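**Student:** One structure is given below, represented as structure tokens, and several questions about it will come after.
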Amino acid sequence: MSKNLIFLLIITLIVACSEKEDLAPDTIKINRGGIFIVNEGNFSFANSSLSYFNPSNSEIQNNLFYKVSNVPLGDVAQSITIHENEVYLVINNSGIVYGVNRETLEFKGKISGLTSPREMIFINDNKAYISDLISTKLTVINPASYEIIGKIELGKSSDCMIKTNNKVMTANWSAYNQTTINNTVMVINSDTDKLVDSVVVGIEPNSMVIDKNNYLWVLCSGGFMNSELPTLWKINTGTLETEKQFTFTNIAQSPDNLCINGNSDSLYFLNNSVFRMSIYDQSLPETAIISEEENNYYSLGIDPINNDIYVSDAIDYNQNGIVYRYNSSGNYISSTGVGIIPGCFGFNY
Amino acid sequence: MPNVILKYKLTALIILVLALNLKAQVIYDTLLLTEFEVISNLVDLNSPTKVITIDSIARKELNLNDIGELLASYTPVFVKSYGKGSLSTVSFRGTGASHTKVLWEGLNINSPMLGQTDFSLLPGSFFDEIELHYGGGSLTTVSGALGGSISLKNNSSNNNKHWLNVKQSVGSFNTYLTAATLVINKSDFSSDTRLMRQSSLNNFTYYNNALLPTGEEMTQSNSNFANIGFTQQFSYKISNNQEITFISWNQWNNRNIPAIMTNIEKGGNQKEYQNDFFSRNIIGWTLNNSKTYWEAKGAYFYEDIDYYLSTSDSLENTISLIDSKNKTENYSFTGNVSSVLIESLILKAGVELLQQIVISNNYSGKKQRTLFNSYISIKKNFKNLITVEALIRSEIVDAEFIPLTPMLAINLKPFTEHDLHLRINLSKNHNIPTLNDLYWYPGGNEKLKPEQSLEADLSVDYIKNLNNKYIITLSASAYASSVSNWIIWLPGDYRYWSPENIASVYARGTELSIRFSGNYGKLKYNLFGEYAYTRTTDNSKKSNANDNSDTQLMYVPKHTASGYLNINIMGYFANWSLTYTGSRNTSLNNDENYSFTLPQYLLNNISVGKKFSIKKVDLEIRIKAYNIFDIDYQAVLWRAMPGRNYEISLSCGLK
């Protein structure tokens, strides 16, 4: 009896442990008109993922990168840049940027050897910049050939980037490893690839937009240790002079995720809840258009065509997050489950 | 007649077990890990709590220096290893690594900062005895071990011999291990010296399935480690029944930390390493009267951990740096007494005063706390039929009372002529927050409450010796434990993480084991198998946002199993061991995707060798192959693990 039992136990083990099969990758087709959602995943867990939401039928596809390639997206996917027929995904803690086909998500190429990449911005078809949270240099790449073609010394780390004419603005968000205060927006001439100027704003500038009148708006959280009151800045992109400064009243708050609508005349941001203001308003909005309540809002995106508001909920940062969709007046439309820590939206028009 | 009935009962039990097994829910549990001849001596079947002893004979037989690997192979605990030489933690019954308390010579060696013990830093050759106390039964040794406790002991002074043992092994990836033990026993004085040196380049090749384009074989880099350490014990008998002992354990550990598979192309010349040093010193006194045993100990533990992570630019200028330096000191005094009051009534009591001091550049200033623990227990045996133990522990942390932790355990032996034991154990336990939980800057939360658990545990053990030809041991247990105020670090509103008493965890499961030993002519054999089913879920409100109340907690496999076959004949021996780890969630996520659910794996190791003597020298030569089927697996997500690898060792003993 006992021998049989042992035999059975061993058989059970062997049967239970038959090797996993290598699944053939799926082929998929991405139709334009939807929204990519980049899920950061947990730092050092390499569980980032890519989702795609189709607003016409509210369908969500999750884990697309893995489904197509059988490879994880990497460790902390930070941002997405869509250009022509390709989608570029910046993977912060893996130090790489993946390029994939915009329709099939098939691998096209990668840039590796980056220290802590955050965002990528196109200058033209053959030149793009990648900002870096640790390195004091911007990386200049040829996105067509996936080659690093240069570095631009900034003296400070860089984060979000925005372009107008031949000026690229990048914010010095992190104070990490620098003696100066992290309260500047640096200006680079994209013809010469040289740092040409900088503008002082509030501490920890975290997001920027450019409005229809070509003003730069910069949202500053005031520092993660609450060094100063959070601020919102309106800057003339020609003269680089500050036109207006709005100051929040609560030092404990950390507003971020500044976005702009399709007409470039309404600003949206997260300050726990979702707020909206006109670019002509003389003061900060007092009431939210979407209240956070029990949620943990993490990231914000505004549809450039119909101005729908997409806001993500990271919940407890350990489980799959949720994306809520509202219309431009803040009325709830739908919600959908995505990946862990949904951190960035990419509108695929 | 009773025999027949028992047989039926057992058959019924086994059928039940197998039936449940089809749903893959039930497990056997290790009870005896000793050689056949001494098998019945080392298990205290009468103990009302569940205790498993892995003794030195079994350990020599299996020749494992790594205690984590030993536990994974022969007990149902779950070992989470980041790779050879890297962090390795142990958890019992679906609880966390900080719910496993490790005791060395009776004193807790878990880091006061992290609350856990790194098993990769425990050299197997330093301990003669490893004892596991499951669940609430751990209250007989320590408080706060919501999962269980592991006691490591040196008991060389128990035999009156001199001996010297030197072992050298050489393995794949430039791995070397030297271990030496010298024991001198004189009439009233004894000395025990043990040395260990271990190093490895650990530069194995693996298939990287975490980066595009795929298909690349890679060599693991920045994964080398080197440890060196020694223990020295002196014992002096003041009189026949009185002894003083001094023991010191000192160890230096240096290891580089490899990048995960997705991050190996990261720029910035990343350097990551951890260097540790610790010194643990205990001076003890014992007095053993015929009915009462007294013990007093004073201890000083020092630990220094330096974690370093830097990146630099092309000119070697450092552009980012984490240089985390942490020093901890523990001063403690303990006193224990155990006494046979009247026939078969044993009273035990003890006190411990402990001062923990941490100086860390991750805390704002020096932090310390004072703990005062005490316990009292009574154990009584009634007519060799029932043994009952009742225990209560109290803990005072910086003059603040933690609620009392009681335990009640009953052992029932229903048949005098059979070694069948039923045990039931009910307990309440508290685990105080670690100093990192309280004081990490930023984020530490000084308002944290202790985690608390309620546990019920039922187990059955049966041993049958058949005509002195073979012996079978069966063991089964089931437990349910509810842990509230479970501490979890969550990101707060200000971007840094902060711990909270948030989770409400329900852990339940079963553990089963079977062992079969015997002689067949000159051939001696041992066959062992164990299987554990573990279910751990979080019922707190936060986890229900995605309806995750049914999701298994991260890195708790529902199914684990292991087994081995060991044969000995005329000095030759062969071992085959296997460990099975079921799939594990790596996030609180129900998706069946490699990134979220690590696949199951089965590892097979074999070793063969011969023992022989030349004059007075005992020699043993052994060849061992690990992961013989060259399985490509990950124990922790995207941490590369080695394929098939080998080791050859020679040990010399002189008595």
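Just so we're on the same page: first chain in the structure tokens is A, next is B, and so on; residues restart at 1 for each chain, and ligands are numbered from 1 in the order they show up.
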Near A:Gly301, within 9 Å and counting only C-alpha atoms, which residues show up once chain neighbours fewer than 5 positions away are dropped, as a list in words?

**Tutor:**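 Everything that qualifies: Asn257, Leu258, Cys259, Ile260, Tyr268, Asp308, Ile309, Tyr310, Val311, Ser312, Cys344, Phe345, Gly346 and Phe347 of chain A.
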
**Student:** Once you count only C-alpha atoms, which residues of chain A turn out to be within 7 Å of chain B? Could you give them as a list in words?

**Tutor:**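 The answer, sorted by residue number, is Cys17, Phe45, Ala46, Asn47, Val71, Pro72, Gly74, Asp75, Asn93, Ser94, Gly95, Ile96, Ser112, Gly113, Leu114, Thr115, Ile134, Ser135, Asn177, Phe224, Asp316, Asn318, Gln319 and Asn320 of chain A.
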
**Student:** Go ahead and dump the residues you just picked, C-alpha atoms, as a JSON list (two decimals), in the first residue's frame.

**Tutor:**
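That gives us out-v6.json:
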[["chain", "number", "residue", "atom", "x", "y", "z"],
["A", 17, "CYS", "CA", 5.69, 19.19, -13.81],
["A", 45, "PHE", "CA", 9.63, 43.79, -11.14],
["A", 46, "ALA", "CA", 9.72, 44.26, -14.95],
["A", 47, "ASN", "CA", 5.95, 43.89, -15.17],
["A", 71, "VAL", "CA", 8.84, 39.19, -24.19],
["A", 72, "PRO", "CA", 7.97, 41.54, -21.32],
["A", 74, "GLY", "CA", 10.43, 45.75, -19.43],
["A", 75, "ASP", "CA", 11.02, 47.46, -16.13],
["A", 93, "ASN", "CA", 14.69, 51.17, -15.59],
["A", 94, "SER", "CA", 15.64, 48.86, -18.45],
["A", 95, "GLY", "CA", 17.50, 51.76, -20.10],
["A", 96, "ILE", "CA", 16.01, 51.03, -23.50],
["A", 112, "SER", "CA", 19.90, 50.55, -25.52],
["A", 113, "GLY", "CA", 22.54, 51.77, -23.10],
["A", 114, "LEU", "CA", 20.45, 54.65, -21.77],
["A", 115, "THR", "CA", 20.82, 55.48, -18.08],
["A", 134, "ILE", "CA", 19.80, 60.60, -13.94],
["A", 135, "SER", "CA", 22.22, 61.52, -16.72],
["A", 177, "ASN", "CA", 22.52, 64.39, -7.67],
["A", 224, "PHE", "CA", 8.23, 65.92, -2.88],
["A", 316, "ASP", "CA", -2.72, 50.21, -4.49],
["A", 318, "ASN", "CA", 0.16, 46.27, -6.79],
["A", 319, "GLN", "CA", -2.88, 45.15, -8.72],
["A", 320, "ASN", "CA", -4.17, 46.00, -12.16]]

**Student:** Which polymer residues have any atom within 6 Å of an atom of B:Ser482, counting only C-alpha atoms, with same-chain residues fewer than 5 positions away left out, as a PyMOL selection string?

**Tutor:** chain B and resi 453-454+505-506

**Student:** Restricting it to N, CA and C atoms, dump the selection as a PDB file, in the first residue's frame.

**Tutor:**
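Output file selection03.pdb follows:
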ATOM      1  N   SER B 453      -2.218  37.525  14.790  1.00  0.00           N
ATOM      2  CA  SER B 453      -2.763  36.341  14.131  1.00  0.00           C
ATOM      3  C   SER B 453      -3.508  35.466  15.120  1.00  0.00           C
ATOM      4  N   LEU B 454      -4.467  34.757  14.586  1.00  0.00           N
ATOM      5  CA  LEU B 454      -5.170  33.706  15.314  1.00  0.00           C
ATOM      6  C   LEU B 454      -4.982  32.451  14.490  1.00  0.00           C
ATOM      7  N   VAL B 505      -5.232  39.108   6.123  1.00  0.00           N
ATOM      8  CA  VAL B 505      -4.852  37.933   5.343  1.00  0.00           C
ATOM      9  C   VAL B 505      -5.401  36.660   5.970  1.00  0.00           C
ATOM     10  N   TYR B 506      -5.898  35.813   5.134  1.00  0.00           N
ATOM     11  CA  TYR B 506      -6.377  34.511   5.591  1.00  0.00           C
ATOM     12  C   TYR B 506      -5.511  33.451   4.919  1.00  0.00           C
TER      13      TYR B 506
END

**Student:** Identify all residues of stretch 19-142 of chain A in strand (DSSP E or B) (DSSP on the backbone) and supply them as a PyMOL selection string.

**Tutor:** chain A and resi 34-39+49-54+59-61+77-83+86-91+96-101+107-111+117-124+127-132+137-142

**Student:** Using only C-alpha atoms, which protein or nucleic acid residues come within 8 Å of A:Val199? Drop anything in the same chain fewer than 5 positions from it, and give the result as a ChimeraX atom specification.

**Tutor:** /A:184-187,240-241

**Student:** Convert the current residue selection to file output with C-alpha atoms, as a CSV table (one decimal), in the first residue's frame.

**Tutor:**
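Now in result_18.csv:
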chain,number,residue,atom,x,y,z
A,184,THR,CA,14.2,75.3,-14.3
A,185,VAL,CA,13.0,74.6,-17.8
A,186,MET,CA,15.9,74.3,-20.1
A,187,VAL,CA,15.7,75.4,-23.8
A,240,LEU,CA,11.0,83.2,-22.3
A,241,GLU,CA,9.5,85.7,-19.9

**Student:** If you count only C-alpha atoms, which residues fall within 6 Å of stretch 117-130 of chain A, apart from same-chain ones fewer than 4 positions away, as a ChimeraX atom specification?

**Tutor:** /A:78-79,92,138-144,159

**Student:** For each of A:Thr242, A:Thr104, A:Leu284, A:Trp173, take the minimum atom-to-atom distance to A:Cys220, counting only C-alpha atoms, then give the residue where this is smallest.

**Tutor:**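 The shortest atom-to-atom distance to A:Cys220 comes from A:Trp173.
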
**Student:** Would you kindly return, as number ranges by chain, each protein, DNA or RNA residue with an atom no farther than 8 Å from any atom of B:Leu139, considering only C-alpha atoms and excluding same-chain residues fewer than 3 positions away?

**Tutor:** B: 136, 142-145, 391, 393, 407, 429

**Student:** Looking at only C-alpha atoms, which of B:Leu121, B:Ile621, B:Val337, B:Ala299 is the one that sits closest to B:Leu287?

**Tutor:**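 Between B:Leu121, B:Ile621, B:Val337, B:Ala299, the residue approaching B:Leu287 most closely is B:Val337.
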
**Student:** What's the 10 Å shell around B:Thr534, counting only C-alpha atoms, without same-chain residues fewer than 4 positions away, as a VMD selection string?

**Tutor:** chain B and resid 25 to 27 76 78 92 to 95 478 to 479 507 to 511 552 556 to 560

**Student:** Which one of A:Ala175, A:Val274, A:Val90, A:Ile149 sits closest to A:Ser227 if you count only C-alpha atoms?

**Tutor:** A:Ala175

**Student:** Interatomic distance between atom CA of B:Val183 and atom CA of B:Phe127?

**Tutor:**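 Atom CA of B:Phe127 lies at a distance of 13.2 Å from atom CA of B:Val183.
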